[in-house]
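Visitor: Questions regarding the structure given below will be posed in turn.
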Amino acid sequence: MYETNYHKVASATDAASILERAEDGRLLAGGQTLLPTMKQRLADPTDLVDISAVADLKGITIAKSDGRLEGGETITIGAMTTHAQVAQNSKLAAVCPSLCALAGNIGDPAVRHRGTIGGSLANNDPAADYPAAMLALGAIIHTNSRDIPASNYFTGMFSTDLDEHEIITSISFQAPASGGYGKFPNPASRYAMAGVFVAKMVDGSVCVAVTGAGEDGVFRHPELEAALRADWSAQSLDDVSISPVGLLSDMHGDAVYRANLVKVMAKRALG
Ligand SMILES: Cc1cc2nc3c(=O)[nH]c(=O)nc-3n(C[C@H](O)[C@H](O)[C@H](O)COP(=O)(O)OP(=O)(O)OC[C@H]3O[C@@H](n4cnc5c(N)ncnc54)[C@H](O)[C@@H]3O)c2cc1C
């Protein structure tokens, strides 16, 4: 092993000041991506700043705007909330069941009990599940210094708008009137070979975001959105043609295969 200084902090402010002083400091959330990366010697930070004890980065709150349970509630999820906590939260399930289902199908139980939504969004793996949900739901990524709309946040494969040492504190979005997620998991890794999140908001707007399939990471799909805006049903997608241009080709499947998966997963997302 190489030497790494380990710091366990009680606040995001303390984390920020250690990161500022460290030669090459990294936040440690659930460790489900960072620790394997270190084991493979693809990263060797001088300092690990463990934020797992920061209480105000955890938890899920739901604020009703006008007493209805028909969408529109403001959902806020702390960055250190684990995938298992998102999956099992009954209040969240009442207003946004699609996100609970998405979280419940991330990786395996060990990954779900340690991995966090903030870590997943900071990492922005092109096959991760949360980026599709956040983009489709029009989420805001809150950090220790600003609020970033999801539409500006995801900037490419493993790339985000976060500045060096910027800390995600929470994520917020409005509950959709209707939504769903279809995912075709890689049988070995459980990451998405294609994952499609569909969301219809209370104002009638429709957003479709695709993960796992794009060469540049998560992206919106205007043709699927147009079809669903006209008719919110799986049948409305029958005549939509998905172009393979810009889709990933790798050892798991080529772009044409992924284009087909995108359509099939979009239909599954609609139930
Ligand atoms: C076997 C396996 C299967 C998996 N399957 C899936 C899957 O099916 N779908 C899926 O979406 N993901 C999957 N994952 C990834 C998993 O969801 C991880 O939890 C996630 O990518 C990283 O979250 P973490 O909390 O473990 O972050 P960490 O590994 O601790 O950190 C990841 C990166 O984010 C940074 N970071 C962490 N928290 C913050 C923050 N609050 N602000 C700013 N930067 C931060 C860290 O410094 C680091 O660079 C899988 C992982 C494994 C090991």
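Each chain in the structure tokens gets a letter, A, B and so on, in the order shown; residues start at 1 in every chain, and ligands are counted from 1 in the order they appear.
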Can you list, as number ranges by chain, every protein, DNA or RNA residue that comes within 9 Å of segment 111-124 of chain A when you count only C-alpha atoms, leaving out same-chain residues fewer than 6 positions away?
Guide: A: 27-34, 77-87, 103-105, 130-131, 134, 141, 154, 156-160, 162, 167-171, 217-218
Visitor: Tell me which protein, DNA and RNA residues are within 9 Å of segment 198-202 of chain A, counting only C-alpha atoms, leaving out same-chain ones fewer than 3 positions away, and put them as a ChimeraX atom specification.
Guide: /A:70-72,132-133,136-137,174-182,205-210,225,228-229,232,266,269-270
Visitor: Write down as a ChimeraX atom specification the residues belonging to segment 51-271 of chain A that are assigned helix (DSSP H, G or I) by DSSP computed on the backbone.
Guide: /A:55-57,83-88,90-95,97-104,109-114,117-123,130-136,150-153,222-230,234-237,255-269
Visitor: With C-alpha atoms retained, export the selected residues as a compact mmCIF listing (two decimals), in the first residue's frame.
Guide:
# COMPACT_ATOMS: atom_id res chain seq x y z
CA ALA A 55 -25.19 14.11 9.64
CA ASP A 56 -26.59 17.03 7.65
CA LEU A 57 -25.52 15.44 4.36
CA HIS A 83 -28.83 3.80 -2.49
CA ALA A 84 -30.51 1.41 0.00
CA GLN A 85 -31.98 4.34 1.95
CA VAL A 86 -33.39 5.82 -1.26
CA ALA A 87 -34.78 2.41 -2.27
CA GLN A 88 -36.46 1.81 1.08
CA SER A 90 -41.67 4.84 2.03
CA LYS A 91 -42.42 8.58 1.84
CA LEU A 92 -40.33 8.87 -1.30
CA ALA A 93 -42.04 5.77 -2.70
CA ALA A 94 -45.40 7.54 -2.28
CA VAL A 95 -44.40 10.46 -4.52
CA PRO A 97 -41.63 5.34 -6.80
CA SER A 98 -39.51 5.22 -9.95
CA LEU A 99 -36.49 6.61 -8.08
CA CYS A 100 -36.86 4.02 -5.31
CA ALA A 101 -37.01 1.26 -7.92
CA LEU A 102 -33.94 2.67 -9.68
CA ALA A 103 -31.93 2.77 -6.45
CA GLY A 104 -33.04 -0.74 -5.51
CA PRO A 109 -26.63 -5.21 -1.60
CA ALA A 110 -23.11 -4.28 -0.49
CA VAL A 111 -22.91 -1.49 -3.08
CA ARG A 112 -26.38 -0.25 -2.19
CA HIS A 113 -25.66 -0.11 1.54
CA ARG A 114 -22.39 1.82 1.17
CA ILE A 117 -26.19 9.40 -4.43
CA GLY A 118 -23.63 12.19 -4.03
CA GLY A 119 -20.74 9.84 -4.81
CA SER A 120 -22.53 8.50 -7.85
CA LEU A 121 -23.27 11.97 -9.22
CA ALA A 122 -19.74 13.22 -8.52
CA ASN A 123 -18.29 10.22 -10.33
CA TYR A 130 -28.84 8.28 -11.04
CA PRO A 131 -27.62 10.64 -13.80
CA ALA A 132 -30.56 9.58 -16.01
CA ALA A 133 -33.06 10.23 -13.22
CA MET A 134 -31.56 13.58 -12.25
CA LEU A 135 -31.47 14.83 -15.83
CA ALA A 136 -35.01 13.66 -16.59
CA ALA A 150 -28.69 18.94 -13.91
CA SER A 151 -28.88 20.23 -17.50
CA ASN A 152 -25.53 22.01 -16.91
CA TYR A 153 -24.03 19.55 -14.45
CA PRO A 222 -35.72 14.66 -28.13
CA GLU A 223 -37.50 12.17 -30.43
CA LEU A 224 -38.69 10.02 -27.52
CA GLU A 225 -39.73 13.17 -25.68
CA ALA A 226 -41.79 14.42 -28.65
CA ALA A 227 -43.61 11.10 -28.99
CA LEU A 228 -44.41 10.97 -25.28
CA ARG A 229 -45.50 14.60 -25.19
CA ALA A 230 -48.10 13.73 -27.83
CA ALA A 234 -45.45 2.78 -24.62
CA GLN A 235 -47.34 2.38 -27.91
CA SER A 236 -46.50 5.96 -28.89
CA LEU A 237 -42.84 4.89 -29.19
CA ALA A 255 -24.20 1.03 -31.21
CA VAL A 256 -27.00 -0.59 -33.23
CA TYR A 257 -27.68 -3.05 -30.41
CA ARG A 258 -27.71 -0.22 -27.87
CA ALA A 259 -30.08 1.83 -30.07
CA ASN A 260 -32.54 -1.04 -29.94
CA LEU A 261 -32.05 -1.35 -26.17
CA VAL A 262 -32.84 2.35 -25.71
CA LYS A 263 -36.23 1.92 -27.34
CA VAL A 264 -37.03 -1.27 -25.47
CA MET A 265 -35.99 0.27 -22.14
CA ALA A 266 -38.03 3.42 -22.83
CA LYS A 267 -41.09 1.24 -23.36
CA ARG A 268 -40.38 -0.71 -20.18
CA ALA A 269 -40.03 2.56 -18.27
Visitor: A:Thr61, A:Gly138, A:Arg41, A:Thr211: which is nearest ligand 1, counting only C-alpha atoms and all ligand atoms?
Guide: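 Smallest separation from ligand 1 among the options: A:Thr211.
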Visitor: Calculate how many Å separate atom 18 (C, counted along the ligand's line) of ligand 1 from atom CA of Tyr191 of chain A, rounding to one decimal.
Guide: 10.1 Å
Visitor: Restricting the calculation to only C-alpha atoms and all ligand atoms: of A:Arg190, A:His7, A:Lys39, A:His142, which residue gets closest to ligand 1?
Guide: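 Looking only at the distances to ligand 1, the closest residue turns out to be A:Arg190.
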Visitor: At what distance in Å, to one decimal, does atom CA of Lys183 of chain A lie from atom CA of His252 of chain A?
Guide: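 Atom CA of Lys183 of chain A lies at a distance of 14.9 Å from atom CA of His252 of chain A.
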Visitor: Segment 5-249 of chain A: which residues are strand (DSSP E or B) by DSSP, as number ranges by chain?
Guide: A: 5-8, 25-28, 47-50, 60-63, 74-78, 82, 116, 140-143, 147-149, 154-156, 159-160, 168-174, 178-185, 192-200, 206-211, 214, 219-220, 247
Visitor: Show which residues sit within 7 Å of Ile140 of chain A, as a list in words. Count only C-alpha atoms, and ignore same-chain residues fewer than 5 positions away.
Guide: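 Contacts, in chain order: Asp147, Ile148, Pro149, Ala150, Ile171, Ser172 and Phe173 of chain A.
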Visitor: Hey, which of A:Thr46, A:Gln40, A:Thr76, A:Asn186 ends up closest to ligand 1? Count only C-alpha atoms and all ligand atoms.
Guide: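 Going through A:Thr46, A:Gln40, A:Thr76, A:Asn186 one by one, the smallest distance to ligand 1 is for A:Asn186.
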Visitor: In terms of the shortest atom-to-atom distance over only C-alpha atoms and all ligand atoms, which of A:Asp44, A:Asp50, A:Glu23, A:Asp129 is closest to ligand 1?
Guide: A:Asp129
Visitor: Taking into account only C-alpha atoms, which residue in the set A:Met193, A:Leu248, A:Ala16, A:Val240 is nearest to Gly214 of chain A?
Guide: A:Leu248
Visitor: Pick out the closest residue to ligand 1 from this set: A:Leu35, A:Ile242, A:Ile62, A:Ala194. Count only C-alpha atoms and all ligand atoms.
Guide: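 Result for the nearest residue to ligand 1: A:Leu35.
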